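> Below you'll find target.cif; it's mmCIF, C-alpha atoms and all ligand atoms.
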data_my_file
loop_
_atom_site.label_atom_id
_atom_site.label_comp_id
_atom_site.auth_asym_id
_atom_site.auth_seq_id
_atom_site.Cartn_x
_atom_site.Cartn_y
_atom_site.Cartn_z
CA MET A 1 -19.50 5.73 -4.46
CA SER A 2 -17.45 4.78 -1.40
CA LEU A 3 -15.45 7.43 0.38
CA THR A 4 -12.19 5.70 -0.51
CA THR A 5 -13.05 5.82 -4.20
CA LYS A 6 -13.91 9.50 -3.89
CA VAL A 7 -10.68 10.25 -2.06
CA LEU A 8 -8.67 8.39 -4.69
CA LEU A 9 -10.48 10.31 -7.39
CA GLY A 10 -9.71 13.59 -5.61
CA MET A 11 -6.09 12.55 -5.42
CA ALA A 12 -5.82 11.66 -9.11
CA LEU A 13 -7.60 14.83 -10.22
CA GLY A 14 -5.50 16.97 -7.89
CA ILE A 15 -2.28 15.51 -9.26
CA ALA A 16 -3.49 16.00 -12.83
CA VAL A 17 -4.63 19.60 -12.34
CA GLY A 18 -1.49 20.53 -10.39
CA LEU A 19 0.82 19.07 -13.02
CA PHE A 20 -1.18 20.77 -15.75
CA ILE A 21 -0.72 24.15 -14.06
CA ASN A 22 2.95 23.40 -13.47
CA ILE A 23 3.81 22.20 -16.96
CA LEU A 24 1.96 25.05 -18.67
CA GLY A 25 3.89 27.47 -16.48
CA LEU A 26 0.70 29.06 -15.13
CA ASN A 27 2.02 29.18 -11.59
CA THR A 28 4.55 31.97 -12.00
CA SER A 29 4.79 34.15 -8.94
CA GLY A 30 2.23 36.97 -8.96
CA SER A 31 0.12 35.53 -11.79
CA PHE A 32 -3.63 35.22 -11.37
CA VAL A 33 -3.48 31.44 -11.09
CA ASN A 34 -0.70 31.65 -8.55
CA VAL A 35 -2.31 34.26 -6.32
CA PHE A 36 -5.95 33.24 -6.44
CA VAL A 37 -5.93 29.55 -7.29
CA VAL A 38 -2.75 27.82 -6.12
CA ASP A 39 -1.74 30.02 -3.19
CA GLY A 40 -5.32 31.18 -2.74
CA PHE A 41 -8.07 28.59 -2.98
CA PHE A 42 -6.04 25.35 -3.00
CA ASN A 43 -3.78 26.56 -0.24
CA VAL A 44 -6.57 27.79 2.04
CA VAL A 45 -8.82 24.75 1.66
CA GLY A 46 -5.87 22.35 2.01
CA LYS A 47 -4.47 24.03 5.11
CA MET A 48 -7.92 24.28 6.75
CA PHE A 49 -8.30 20.55 6.28
CA VAL A 50 -4.88 19.74 7.71
CA ASN A 51 -5.67 22.00 10.66
CA ALA A 52 -8.94 20.17 11.18
CA LEU A 53 -7.09 16.87 11.36
CA LYS A 54 -4.44 18.26 13.70
CA MET A 55 -7.20 19.69 15.87
CA LEU A 56 -8.35 16.16 16.65
CA VAL A 57 -4.97 14.60 17.36
CA VAL A 58 -4.39 15.61 20.98
CA PRO A 59 -7.91 15.11 22.37
CA LEU A 60 -8.29 11.88 20.45
CA VAL A 61 -5.01 10.37 21.61
CA LEU A 62 -5.62 11.45 25.19
CA LEU A 63 -9.19 10.21 25.44
CA SER A 64 -8.78 7.00 23.51
CA LEU A 65 -5.65 6.05 25.40
CA ILE A 66 -7.18 6.73 28.82
CA GLY A 67 -10.21 4.71 27.74
CA GLY A 68 -7.96 2.03 26.25
CA VAL A 69 -5.94 1.62 29.45
CA CYS A 70 -9.14 1.40 31.50
CA GLY A 71 -10.34 -1.25 29.07
CA ILE A 72 -7.21 -3.41 29.53
CA GLY A 73 -7.22 -3.41 33.29
CA ASP A 74 -3.93 -5.31 33.38
CA ILE A 75 -0.70 -3.46 33.81
CA ARG A 76 1.44 -6.36 32.56
CA LEU A 77 -0.42 -6.46 29.28
CA LEU A 78 0.31 -2.77 28.90
CA GLY A 79 4.02 -3.45 29.40
CA ARG A 80 3.95 -6.23 26.82
CA ILE A 81 2.19 -4.06 24.24
CA GLY A 82 4.74 -1.31 24.85
CA SER A 83 7.81 -3.49 24.54
CA LYS A 84 6.56 -5.54 21.59
CA SER A 85 5.62 -2.49 19.57
CA PHE A 86 8.87 -0.72 20.42
CA VAL A 87 10.97 -3.69 19.29
CA LEU A 88 8.95 -4.14 16.09
CA TYR A 89 9.07 -0.44 15.24
CA MET A 90 12.83 -0.35 15.65
CA LEU A 91 13.31 -3.61 13.82
CA THR A 92 11.31 -2.61 10.76
CA THR A 93 13.09 0.74 10.61
CA ALA A 94 16.49 -0.95 10.81
CA ILE A 95 15.54 -3.42 8.05
CA ALA A 96 14.25 -0.54 5.93
CA ILE A 97 17.46 1.47 6.07
CA ALA A 98 19.74 -1.55 5.74
CA VAL A 99 17.93 -2.61 2.55
CA ALA A 100 18.02 0.97 1.26
CA ILE A 101 21.78 1.23 1.79
CA ALA A 102 22.45 -2.19 0.29
CA ILE A 103 20.45 -1.51 -2.87
CA SER A 104 21.71 2.01 -3.47
CA ALA A 105 25.33 1.09 -2.73
CA GLY A 106 24.95 -1.90 -5.04
CA ILE A 107 23.68 0.31 -7.84
CA GLY A 108 26.34 2.91 -7.06
CA ILE A 109 23.78 5.70 -7.09
CA GLY A 110 25.26 9.15 -7.73
CA LYS A 111 28.67 7.82 -8.79
CA GLY A 112 30.32 10.05 -11.36
CA MET A 113 27.61 12.69 -11.05
CA ASN A 114 28.74 16.22 -10.89
CA ILE A 115 26.07 18.56 -9.67
CA GLU A 116 26.33 21.75 -7.75
CA SER A 117 24.45 22.24 -4.54
CA ALA A 118 21.23 23.94 -5.59
CA ALA A 119 20.11 25.36 -2.29
CA GLU A 120 21.46 26.25 1.09
CA PHE A 121 20.64 23.89 3.88
CA SER A 122 21.39 24.77 7.42
CA GLY A 123 21.02 21.75 9.65
CA LYS A 124 18.74 22.20 12.60
CA GLU A 125 19.54 20.54 15.86
CA ALA A 126 17.59 17.39 16.54
CA PRO A 127 17.07 16.72 20.25
CA ALA A 128 19.64 14.59 22.07
CA LEU A 129 18.44 11.14 23.11
CA SER A 130 18.88 11.98 26.79
CA GLN A 131 16.57 14.96 26.40
CA VAL A 132 14.02 12.84 24.54
CA LEU A 133 13.98 10.42 27.47
CA ILE A 134 13.65 13.22 30.03
CA ASP A 135 10.82 14.83 28.08
CA ILE A 136 8.75 11.64 28.08
CA VAL A 137 7.67 12.73 31.56
CA PRO A 138 5.93 16.08 31.11
CA SER A 139 6.62 18.67 33.78
CA ASN A 140 3.37 20.28 32.73
CA PRO A 141 0.82 18.09 30.97
CA ILE A 142 -1.19 21.07 29.73
CA SER A 143 1.86 22.49 28.02
CA ALA A 144 2.70 19.06 26.57
CA MET A 145 -0.81 18.93 25.11
CA ALA A 146 -0.58 22.47 23.82
CA GLN A 147 2.68 21.63 22.07
CA GLY A 148 1.38 18.27 20.84
CA GLU A 149 4.27 16.37 22.42
CA MET A 150 3.11 12.89 21.72
CA LEU A 151 5.35 10.82 23.98
CA SER A 152 4.53 13.02 26.99
CA ILE A 153 0.83 12.86 26.20
CA ILE A 154 1.02 9.06 25.94
CA PHE A 155 2.82 8.90 29.31
CA PHE A 156 0.28 11.15 31.00
CA ALA A 157 -2.72 9.34 29.51
CA ILE A 158 -1.45 5.94 30.63
CA LEU A 159 -0.87 7.23 34.14
CA VAL A 160 -4.35 8.74 34.30
CA GLY A 161 -5.87 5.47 33.02
CA VAL A 162 -4.00 3.37 35.56
CA SER A 163 -4.96 5.74 38.38
CA LEU A 164 -8.61 5.68 37.36
CA LEU A 165 -8.55 1.90 37.58
CA MET A 166 -6.94 2.05 41.00
CA VAL A 167 -9.59 4.44 42.30
CA GLY A 168 -12.11 1.83 41.13
CA GLU A 169 -15.83 2.17 41.75
CA LYS A 170 -15.77 5.89 42.47
CA ALA A 171 -14.14 6.63 39.13
CA LYS A 172 -16.64 4.60 37.14
CA ARG A 173 -18.69 7.60 36.04
CA LEU A 174 -15.58 9.42 34.94
CA ILE A 175 -14.42 6.44 32.86
CA GLU A 176 -17.83 6.33 31.21
CA GLY A 177 -17.54 10.04 30.51
CA VAL A 178 -14.16 9.51 28.87
CA GLU A 179 -15.65 6.74 26.73
CA THR A 180 -18.47 9.00 25.59
CA ALA A 181 -16.12 11.89 24.87
CA ASN A 182 -13.96 9.53 22.86
CA GLU A 183 -16.95 8.46 20.82
CA VAL A 184 -17.75 12.09 20.11
CA MET A 185 -14.19 12.67 18.89
CA MET A 186 -14.40 9.60 16.65
CA LYS A 187 -17.58 11.03 15.11
CA MET A 188 -15.66 14.20 14.40
CA VAL A 189 -13.06 12.16 12.54
CA GLY A 190 -15.93 10.84 10.41
CA ILE A 191 -17.21 14.35 9.67
CA ILE A 192 -13.78 15.60 8.66
CA MET A 193 -13.12 12.55 6.52
CA ALA A 194 -16.31 13.27 4.62
CA ILE A 195 -14.78 16.41 3.13
CA ALA A 196 -11.49 14.65 2.42
CA PRO A 197 -12.03 14.09 -1.33
CA TYR A 198 -12.19 17.85 -1.97
CA ALA A 199 -9.43 18.72 0.47
CA VAL A 200 -7.12 16.04 -0.88
CA PHE A 201 -7.73 17.44 -4.35
CA CYS A 202 -6.66 20.93 -3.20
CA LEU A 203 -3.63 19.69 -1.25
CA LEU A 204 -2.30 17.69 -4.16
CA ALA A 205 -3.08 20.30 -6.81
CA LYS A 206 -1.07 22.82 -4.79
CA ALA A 207 1.80 20.42 -4.11
CA MET A 208 2.11 19.42 -7.75
CA ALA A 209 1.77 22.99 -9.04
CA ASP A 210 4.65 24.02 -6.76
CA LEU A 211 6.93 21.12 -7.64
CA GLY A 212 10.26 22.00 -9.23
CA LEU A 213 10.07 19.78 -12.29
CA ASP A 214 13.40 20.98 -13.73
CA LEU A 215 15.15 19.75 -10.59
CA LEU A 216 13.29 16.50 -10.89
CA ALA A 217 14.90 15.84 -14.26
CA GLN A 218 18.38 16.34 -12.85
CA LEU A 219 17.77 14.09 -9.87
CA ILE A 220 15.57 11.55 -11.59
CA GLY A 221 17.93 8.67 -10.74
CA TYR A 222 17.83 9.45 -7.04
CA VAL A 223 14.07 9.93 -7.07
CA LEU A 224 13.33 6.70 -8.94
CA VAL A 225 15.64 4.52 -6.86
CA LEU A 226 14.20 5.98 -3.66
CA ILE A 227 10.60 5.52 -4.73
CA ALA A 228 11.32 1.96 -5.90
CA ILE A 229 12.83 1.04 -2.51
CA LEU A 230 9.93 2.68 -0.69
CA LEU A 231 7.49 0.61 -2.73
CA ILE A 232 9.48 -2.58 -2.11
CA HIS A 233 9.32 -1.89 1.61
CA LEU A 234 5.60 -1.17 1.52
CA PHE A 235 4.50 -4.03 -0.70
CA VAL A 236 7.07 -6.70 0.11
CA THR A 237 8.98 -6.26 3.38
CA LEU A 238 6.11 -4.97 5.53
CA GLN A 239 3.67 -7.49 4.09
CA VAL A 240 6.05 -10.38 4.72
CA VAL A 241 6.51 -9.15 8.28
CA LEU A 242 2.71 -8.92 8.70
CA LYS A 243 2.12 -12.41 7.31
CA VAL A 244 4.95 -14.08 9.22
CA PHE A 245 4.22 -12.51 12.60
CA SER A 246 0.42 -12.53 12.49
CA GLY A 247 -0.79 -14.76 9.67
CA LEU A 248 -3.16 -11.96 8.56
CA SER A 249 -3.87 -11.29 4.90
CA PRO A 250 -1.65 -8.57 3.38
CA ILE A 251 -4.17 -7.95 0.58
CA THR A 252 -6.93 -7.07 3.05
CA PHE A 253 -4.47 -4.94 4.98
CA LEU A 254 -3.43 -2.96 1.92
CA LYS A 255 -7.01 -2.47 0.76
CA LYS A 256 -8.13 -1.14 4.12
CA MET A 257 -5.07 1.05 4.66
CA ARG A 258 -5.42 2.82 1.32
CA ASN A 259 -7.34 5.71 2.83
CA VAL A 260 -4.70 6.23 5.50
CA GLN A 261 -1.96 6.18 2.90
CA VAL A 262 -3.71 8.81 0.80
CA PHE A 263 -4.13 11.05 3.84
CA ALA A 264 -0.47 10.63 4.73
CA PHE A 265 0.56 11.26 1.13
CA SER A 266 -1.52 14.43 0.93
CA THR A 267 -0.53 15.89 4.28
CA SER A 268 3.09 14.63 4.49
CA SER A 269 2.54 14.17 8.18
CA SER A 270 2.14 10.96 10.16
CA ASN A 271 1.03 13.07 13.11
CA ALA A 272 -1.80 14.81 11.28
CA THR A 273 -2.87 11.41 9.96
CA ILE A 274 -3.24 9.91 13.47
CA PRO A 275 -7.04 10.37 13.60
CA VAL A 276 -7.49 8.49 10.33
CA THR A 277 -4.93 5.81 11.21
CA LEU A 278 -6.55 5.27 14.59
CA ARG A 279 -10.01 5.02 13.10
CA THR A 280 -8.91 2.61 10.40
CA VAL A 281 -6.82 0.40 12.65
CA THR A 282 -9.53 0.05 15.30
CA GLN A 283 -12.70 0.06 13.23
CA ARG A 284 -11.59 -1.42 9.90
CA LEU A 285 -8.77 -3.76 10.91
CA GLY A 286 -10.37 -4.89 14.16
CA VAL A 287 -7.50 -3.93 16.46
CA ASP A 288 -8.80 -3.50 19.98
CA ARG A 289 -8.72 0.12 21.13
CA SER A 290 -6.60 -0.84 24.14
CA VAL A 291 -3.80 -1.69 21.70
CA GLY A 292 -4.43 0.73 18.83
CA SER A 293 -4.78 3.83 20.98
CA PHE A 294 -1.23 3.23 22.16
CA THR A 295 0.52 1.78 19.11
CA VAL A 296 -0.80 4.36 16.61
CA PRO A 297 0.38 7.61 18.25
CA PHE A 298 3.51 5.84 19.45
CA GLY A 299 4.25 4.69 15.90
CA ALA A 300 3.53 8.11 14.39
CA THR A 301 6.27 9.44 16.64
CA ILE A 302 8.94 6.78 16.72
CA ASN A 303 8.35 4.68 13.60
CA MET A 304 9.58 6.06 10.31
CA ASP A 305 10.52 3.35 7.88
CA GLY A 306 10.06 5.53 4.82
CA THR A 307 12.12 8.32 6.31
CA ALA A 308 14.88 5.87 7.21
CA ILE A 309 14.92 4.62 3.62
CA MET A 310 15.31 8.19 2.37
CA GLN A 311 18.21 8.68 4.74
CA GLY A 312 19.91 5.51 3.55
CA VAL A 313 19.58 6.36 -0.13
CA ALA A 314 20.49 10.02 0.39
CA THR A 315 23.60 9.12 2.37
CA VAL A 316 24.90 6.78 -0.31
CA PHE A 317 23.96 9.23 -3.07
CA ILE A 318 25.70 12.21 -1.52
CA ALA A 319 28.71 10.21 -0.33
CA ASN A 320 29.18 9.04 -3.91
CA ILE A 321 28.82 12.55 -5.36
CA TYR A 322 31.40 13.91 -2.95
CA GLY A 323 33.59 10.85 -3.45
CA VAL A 324 33.56 9.89 0.22
CA ASP A 325 33.94 6.22 1.09
CA LEU A 326 31.98 5.56 4.25
CA GLY A 327 32.90 1.88 4.55
CA ILE A 328 30.98 -0.74 6.48
CA SER A 329 31.43 0.96 9.85
CA GLY A 330 30.24 4.27 8.40
CA TYR A 331 27.09 2.65 7.09
CA LEU A 332 26.47 0.85 10.38
CA THR A 333 26.70 4.23 12.10
CA VAL A 334 24.18 5.59 9.62
CA ILE A 335 21.75 2.76 10.45
CA LEU A 336 22.13 3.26 14.18
CA MET A 337 21.88 7.03 13.99
CA SER A 338 18.79 7.07 11.86
CA VAL A 339 16.99 4.52 14.04
CA LEU A 340 17.83 6.60 17.11
CA ALA A 341 16.91 9.85 15.38
CA SER A 342 13.48 8.46 14.54
CA ILE A 343 12.69 8.07 18.25
CA GLY A 344 13.09 11.71 19.10
CA THR A 345 11.52 13.38 16.10
CA ALA A 346 7.81 13.71 15.50
CA GLY A 347 6.14 12.76 12.22
CA VAL A 348 5.69 16.19 10.68
CA PRO A 349 6.48 17.41 7.16
CA GLY A 350 10.14 17.66 6.25
CA VAL A 351 11.51 16.37 9.54
CA GLY A 352 13.38 13.66 7.66
CA LEU A 353 15.89 16.22 6.40
CA ILE A 354 16.62 17.38 9.93
CA MET A 355 17.29 13.80 10.90
CA LEU A 356 19.48 13.45 7.85
CA SER A 357 21.59 16.40 8.95
CA MET A 358 22.13 14.62 12.26
CA VAL A 359 23.30 11.52 10.43
CA PHE A 360 25.60 13.53 8.16
CA THR A 361 27.24 15.31 11.06
CA GLN A 362 27.89 11.96 12.71
CA VAL A 363 29.57 10.34 9.71
CA GLY A 364 31.29 13.52 8.51
CA LEU A 365 29.42 14.14 5.25
CA PRO A 366 29.07 17.79 4.19
CA LEU A 367 25.74 19.32 5.15
CA GLU A 368 25.60 21.29 1.89
CA GLY A 369 24.99 17.91 0.28
CA ILE A 370 21.48 18.06 1.65
CA GLY A 371 20.94 21.22 -0.44
CA LEU A 372 21.25 18.99 -3.51
CA ILE A 373 18.17 16.95 -2.71
CA LEU A 374 16.16 19.71 -1.05
CA GLY A 375 14.26 20.62 -4.22
CA VAL A 376 12.74 17.19 -4.72
CA ASP A 377 12.16 16.42 -1.09
CA ARG A 378 8.62 17.75 -0.98
CA LEU A 379 7.44 15.01 -3.33
CA LEU A 380 9.49 12.30 -1.65
CA ASP A 381 8.20 13.36 1.77
CA MET A 382 4.70 12.53 0.57
CA VAL A 383 5.63 9.05 -0.54
CA ARG A 384 7.70 8.20 2.50
CA THR A 385 5.01 9.41 4.91
CA ALA A 386 2.58 6.95 3.29
CA VAL A 387 5.14 4.21 4.00
CA ASN A 388 5.61 5.44 7.59
CA VAL A 389 1.91 5.16 8.45
CA SER A 390 1.65 1.74 6.78
CA GLY A 391 4.36 0.53 9.18
CA ASP A 392 2.28 1.82 12.08
CA GLY A 393 -0.69 -0.20 10.82
CA VAL A 394 1.37 -3.39 10.37
CA VAL A 395 2.86 -3.26 13.86
CA SER A 396 -0.49 -2.40 15.47
CA SER A 397 -2.08 -5.43 13.80
CA ILE A 398 0.76 -7.78 14.75
CA VAL A 399 0.85 -6.69 18.39
CA ALA A 400 -2.93 -6.86 18.72
CA LYS A 401 -3.09 -10.30 17.10
CA SER A 402 -0.35 -11.68 19.33
CA GLU A 403 -2.24 -10.56 22.43
CA GLY A 404 -5.60 -11.90 21.26
CA LYS A 405 -6.78 -8.31 20.86
CA LEU A 406 -7.59 -8.39 17.16
CA ASN A 407 -11.06 -9.23 15.96
CA VAL A 408 -10.33 -11.42 12.94
CA ASP A 409 -13.95 -11.25 11.73
CA VAL A 410 -13.75 -7.47 11.53
CA TYR A 411 -10.35 -7.70 9.82
CA ASN A 412 -11.67 -10.05 7.17
CA ASP A 413 -14.97 -8.23 6.62
CA PRO A 414 -14.39 -5.92 3.64
CA ASP A 415 -17.13 -3.52 4.78
CA ALA A 416 -16.33 -3.34 8.47
CA GLY A 417 -16.04 0.26 9.61
CA ALA A 418 -16.26 1.55 6.05
CA LEU A 419 -17.38 5.13 5.92
CA THR A 420 -19.73 6.44 3.31
CA THR A 421 -20.12 10.14 2.82
CA ASP A 422 -23.81 10.05 3.73
CA GLU A 423 -23.22 8.17 6.93
CA ALA A 424 -20.52 10.53 8.06
CA ILE A 425 -22.86 13.46 8.34
CA HIS A 426 -25.99 11.55 9.19
CA LEU A 427 -27.56 12.53 12.49
CA ASP A 428 -28.95 9.39 14.02
CA ALA A 429 -32.26 9.16 15.88
CA GLY A 430 -30.60 9.31 19.30
CA GLY A 431 -28.88 12.54 18.36
CA SER A 432 -32.06 14.20 17.07
CA ASP A 433 -34.02 13.05 20.13
CA VAL A 434 -31.59 14.92 22.29
CA ALA A 435 -31.87 17.93 20.02
CA THR A 436 -35.67 17.82 20.11
CA ALA A 437 -35.76 17.31 23.85
CA ARG A 438 -33.54 20.31 24.34
CA GLY A 439 -35.42 22.36 21.79
N1 LIG A 501 6.86 13.65 6.96
C1 LIG A 501 7.28 12.44 7.57
C2 LIG A 501 6.25 11.96 8.55
O1 LIG A 501 5.44 12.71 9.02
C3 LIG A 501 8.61 12.57 8.24
C4 LIG A 501 9.67 12.88 7.20
O2 LIG A 501 10.15 11.93 6.57
O3 LIG A 501 10.02 14.03 6.99
O4 LIG A 501 6.19 10.80 8.86
#
Show the structure stored in the file as structure tokens.


Amino acid sequence: MSLTTKVLLGMALGIAVGLFINILGLNTSGSFVNVFVVDGFFNVVGKMFVNALKMLVVPLVLLSLIGGVCGIGDIRLLGRIGSKSFVLYMLTTAIAIAVAIAISAGIGIGKGMNIESAAEFSGKEAPALSQVLIDIVPSNPISAMAQGEMLSIIFFAILVGVSLLMVGEKAKRLIEGVETANEVMMKMVGIIMAIAPYAVFCLLAKAMADLGLDLLAQLIGYVLVLIAILLIHLFVTLQVVLKVFSGLSPITFLKKMRNVQVFAFSTSSSNATIPVTLRTVTQRLGVDRSVGSFTVPFGATINMDGTAIMQGVATVFIANIYGVDLGISGYLTVILMSVLASIGTAGVPGVGLIMLSMVFTQVGLPLEGIGLILGVDRLLDMVRTAVNVSGDGVVSSIVAKSEGKLNVDVYNDPDAGALTTDEAIHLDAGGSDVATARG
């Protein structure tokens, strides 16, 4: 059985078991199932797995980007990759939210509904754009790495790569060392992915067992419209963009990205998914590492199509409930704000709501409105994160193809870079030789 099939199976079983526990009411606080199974076993295994993924993010991004820059050897190409991916990321996010607003305003979602705010929501401050720009340059790279500040890490890595190239011959050994270290990190991604089927099962069983299904019934209209628009974006808009800009096959893309989507869905975090996205984009889709090692972490930070869609739908929904007419200029502000907000906020669970509070403050919608949708956001966060990472994959492929940095044979080969469980933990002859020699 391929790893993808196993992961999908883990996902389906996890959802089924979680819903079973939820619907039968076994997950009441303090009960055996709650303490030992849901908050015990599922929670511990799931969180250990997410930690393992997060553990790889910083070293992987740093090493693969330094190696990637050294591999390009052309500073202008670097500039082109940066600007192309930035424009595409912003463009797809703007399309996503514009479509979301148009559809939900057209349907009149939330009109005539009368529901009380279910939970308190206190809006957290999202960073100002000026601060985001300042922070791109880390005053202390070690602290930036410790905090996982992606844009600063990207900046530092590029600078190191460029400097290594400028030092030239003398730095050759160091560049080789970076390459080897990067390979080691990629192997670690393989090892961690091998346990994914079980971890995904635990993550989803816990998420589903905790879901507030009663709230779901009340907000079913909002949830369904949002999920429908997310799916339209994933299967139509992004695929049209991929086909038009690169000519690559959307079917192949979707097949190969399935693993990444499941990881994003289970962890609700584009950031934690970076190792899997990076592996898939470079080894399965054939994107050269010089492009992928930049576009993937960059996208995980600044590209959030799914999140933007949520913000569009939520704005219309809550405006309608509170009877506020935002008008065209209000909606344009929403589009602009959410595109800007996506630049400064990292892809971690639940950050979309913080961005939403920023948007609401700007257009004068009451922040308590966010309390209305809080209860169902956990589920929606999962779906929109899967859309976010798919956008990262699309843009990486387009940019790589346009620069002649995509290996079309690898892209079209269904088995390229596929990981089987056996292979992931297989110690090859080279590895055992070293072990024997040392022993
Ligand atoms: N969880 C999302 C992500 O990591 C962000 C969000 O919508 O809250 O991409």

> Would you mind reading off the distance between atom CA of Val167 of chain A and atom CA of Ile154 of chain A, one decimal, in Å?

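Interatomic distance here is 20.0 Å.
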
> How far is it from atom CA of Lys84 of chain A to atom CA of Glu403 of chain A, in Å with one decimal?

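Computed distance, atom CA of Lys84 of chain A to atom CA of Glu403 of chain A, equals 10.2 Å.
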
> List every protein, DNA or RNA residue that has an atom no more than 8 Å from (-1.5, -6.8, 14.1) in the file's coordinate frame, counting all atoms listed in the file, and report them as a list in words.

Leu242, Ser246, Leu248, Val287, Gly393, Val394, Val395, Ser396, Ser397, Ile398, Val399, Ala400, Lys401, Ser402 and Leu406 of chain A

> Could I get the residues of chain A with an atom no further than 8 Å from an atom of ligand LIG 501 (chain A), each paired with its nearest atom pair and that distance in Å to one decimal, using only C-alpha atoms and all ligand atoms, sorted by chain and residue number, as a Markdown table?


| residue | atom | partner | partner_atom | distance |
| --- | --- | --- | --- | --- |
| A:Ala264 | CA | A:LIG501 | O1 | 7.6 |
| A:Ser268 | CA | A:LIG501 | N1 | 4.6 |
| A:Ser269 | CA | A:LIG501 | O1 | 3.4 |
| A:Ser270 | CA | A:LIG501 | O1 | 3.9 |
| A:Asn271 | CA | A:LIG501 | O1 | 6.0 |
| A:Ala272 | CA | A:LIG501 | O1 | 7.9 |
| A:Ala300 | CA | A:LIG501 | O4 | 6.7 |
| A:Thr301 | CA | A:LIG501 | O4 | 7.9 |
| A:Met304 | CA | A:LIG501 | O4 | 6.0 |
| A:Gly306 | CA | A:LIG501 | O2 | 6.6 |
| A:Thr307 | CA | A:LIG501 | O2 | 4.1 |
| A:Ala308 | CA | A:LIG501 | O2 | 7.7 |
| A:Met310 | CA | A:LIG501 | O2 | 7.6 |
| A:Ala346 | CA | A:LIG501 | O1 | 7.0 |
| A:Gly347 | CA | A:LIG501 | O1 | 3.3 |
| A:Val348 | CA | A:LIG501 | O1 | 3.9 |
| A:Pro349 | CA | A:LIG501 | N1 | 3.8 |
| A:Gly350 | CA | A:LIG501 | O3 | 3.7 |
| A:Val351 | CA | A:LIG501 | O3 | 3.8 |
| A:Gly352 | CA | A:LIG501 | O3 | 3.4 |
| A:Leu353 | CA | A:LIG501 | O3 | 6.3 |
| A:Ile354 | CA | A:LIG501 | O3 | 8.0 |
| A:Asp381 | CA | A:LIG501 | N1 | 5.4 |
| A:Met382 | CA | A:LIG501 | N1 | 6.8 |
| A:Arg384 | CA | A:LIG501 | O2 | 6.0 |
| A:Thr385 | CA | A:LIG501 | O4 | 4.4 |
| A:Ala386 | CA | A:LIG501 | O4 | 7.7 |
| A:Asn388 | CA | A:LIG501 | O4 | 5.5 |
| A:Val389 | CA | A:LIG501 | O4 | 7.1 |

> Just give me the residues with any atom within 6 Å of (28.9, 14.6, 2.7), file coordinates, counting all atoms listed in the file, written as a VMD selection string.

chain A and resid 318 to 319 365 to 366 369

> Okay, now the selection with C-alpha atoms, as an mmCIF file, in the coordinates of the input?


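Once everything was written out, this is out-v9.cif:
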data_model
loop_
_atom_site.group_PDB
_atom_site.id
_atom_site.type_symbol
_atom_site.label_atom_id
_atom_site.label_comp_id
_atom_site.auth_asym_id
_atom_site.auth_seq_id
_atom_site.Cartn_x
_atom_site.Cartn_y
_atom_site.Cartn_z
ATOM 1 C CA ILE A 318 25.700 12.210 -1.520
ATOM 2 C CA ALA A 319 28.710 10.210 -0.330
ATOM 3 C CA LEU A 365 29.420 14.140 5.250
ATOM 4 C CA PRO A 366 29.070 17.790 4.190
ATOM 5 C CA GLY A 369 24.990 17.910 0.280
#

> Determine the nearest neighbour of Phe317 of chain A from the options A:Gly404, A:Gly344, A:Gly110, A:Gly247, counting only C-alpha atoms.

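Of all the options, A:Gly110 lies closest to Phe317 of chain A.
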
> Write out as number ranges by chain each polymer residue whose atoms come within 8 Å of segment 161-163 of chain A, counting only C-alpha atoms; drop sequence neighbours fewer than 5 positions from it.

A: 65-70, 73, 75

> Just to be explicit: take each residue in the selection above, keep C-alpha atoms, and write the result as an mmCIF file, in the coordinates of the input.


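Dumped everything to selection-v7.cif:
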data_model
loop_
_atom_site.group_PDB
_atom_site.id
_atom_site.type_symbol
_atom_site.label_atom_id
_atom_site.label_comp_id
_atom_site.auth_asym_id
_atom_site.auth_seq_id
_atom_site.Cartn_x
_atom_site.Cartn_y
_atom_site.Cartn_z
ATOM 1 C CA LEU A 65 -5.650 6.050 25.400
ATOM 2 C CA ILE A 66 -7.180 6.730 28.820
ATOM 3 C CA GLY A 67 -10.210 4.710 27.740
ATOM 4 C CA GLY A 68 -7.960 2.030 26.250
ATOM 5 C CA VAL A 69 -5.940 1.620 29.450
ATOM 6 C CA CYS A 70 -9.140 1.400 31.500
ATOM 7 C CA GLY A 73 -7.220 -3.410 33.290
ATOM 8 C CA ILE A 75 -0.700 -3.460 33.810
#

> I'd like to know which of A:Ala314, A:Leu336, A:Leu91, A:Arg76 is closest to Gly371 of chain A, using only C-alpha atoms.

A:Ala314

> Just give me the gap between atom CA of Ile373 of chain A and atom CA of Ile23 of chain A in Å, one decimal is fine.

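These two atoms are separated by 20.9 Å.
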
> For Thr237 of chain A, which residue out of A:Val57, A:Leu63, A:Val99, A:Leu77 is the nearest one, using all atoms listed in the file?

A:Val99

> With all atoms of segment 385-393 of chain A from the file as input, state the centre and edge lengths in Å to one decimal of the axis-aligned box that has 3 Å extra on each side, as JSON.


{"center_x": 2.5, "center_y": 4.6, "center_z": 7.7, "size_x": 12.3, "size_y": 15.6, "size_z": 14.8}
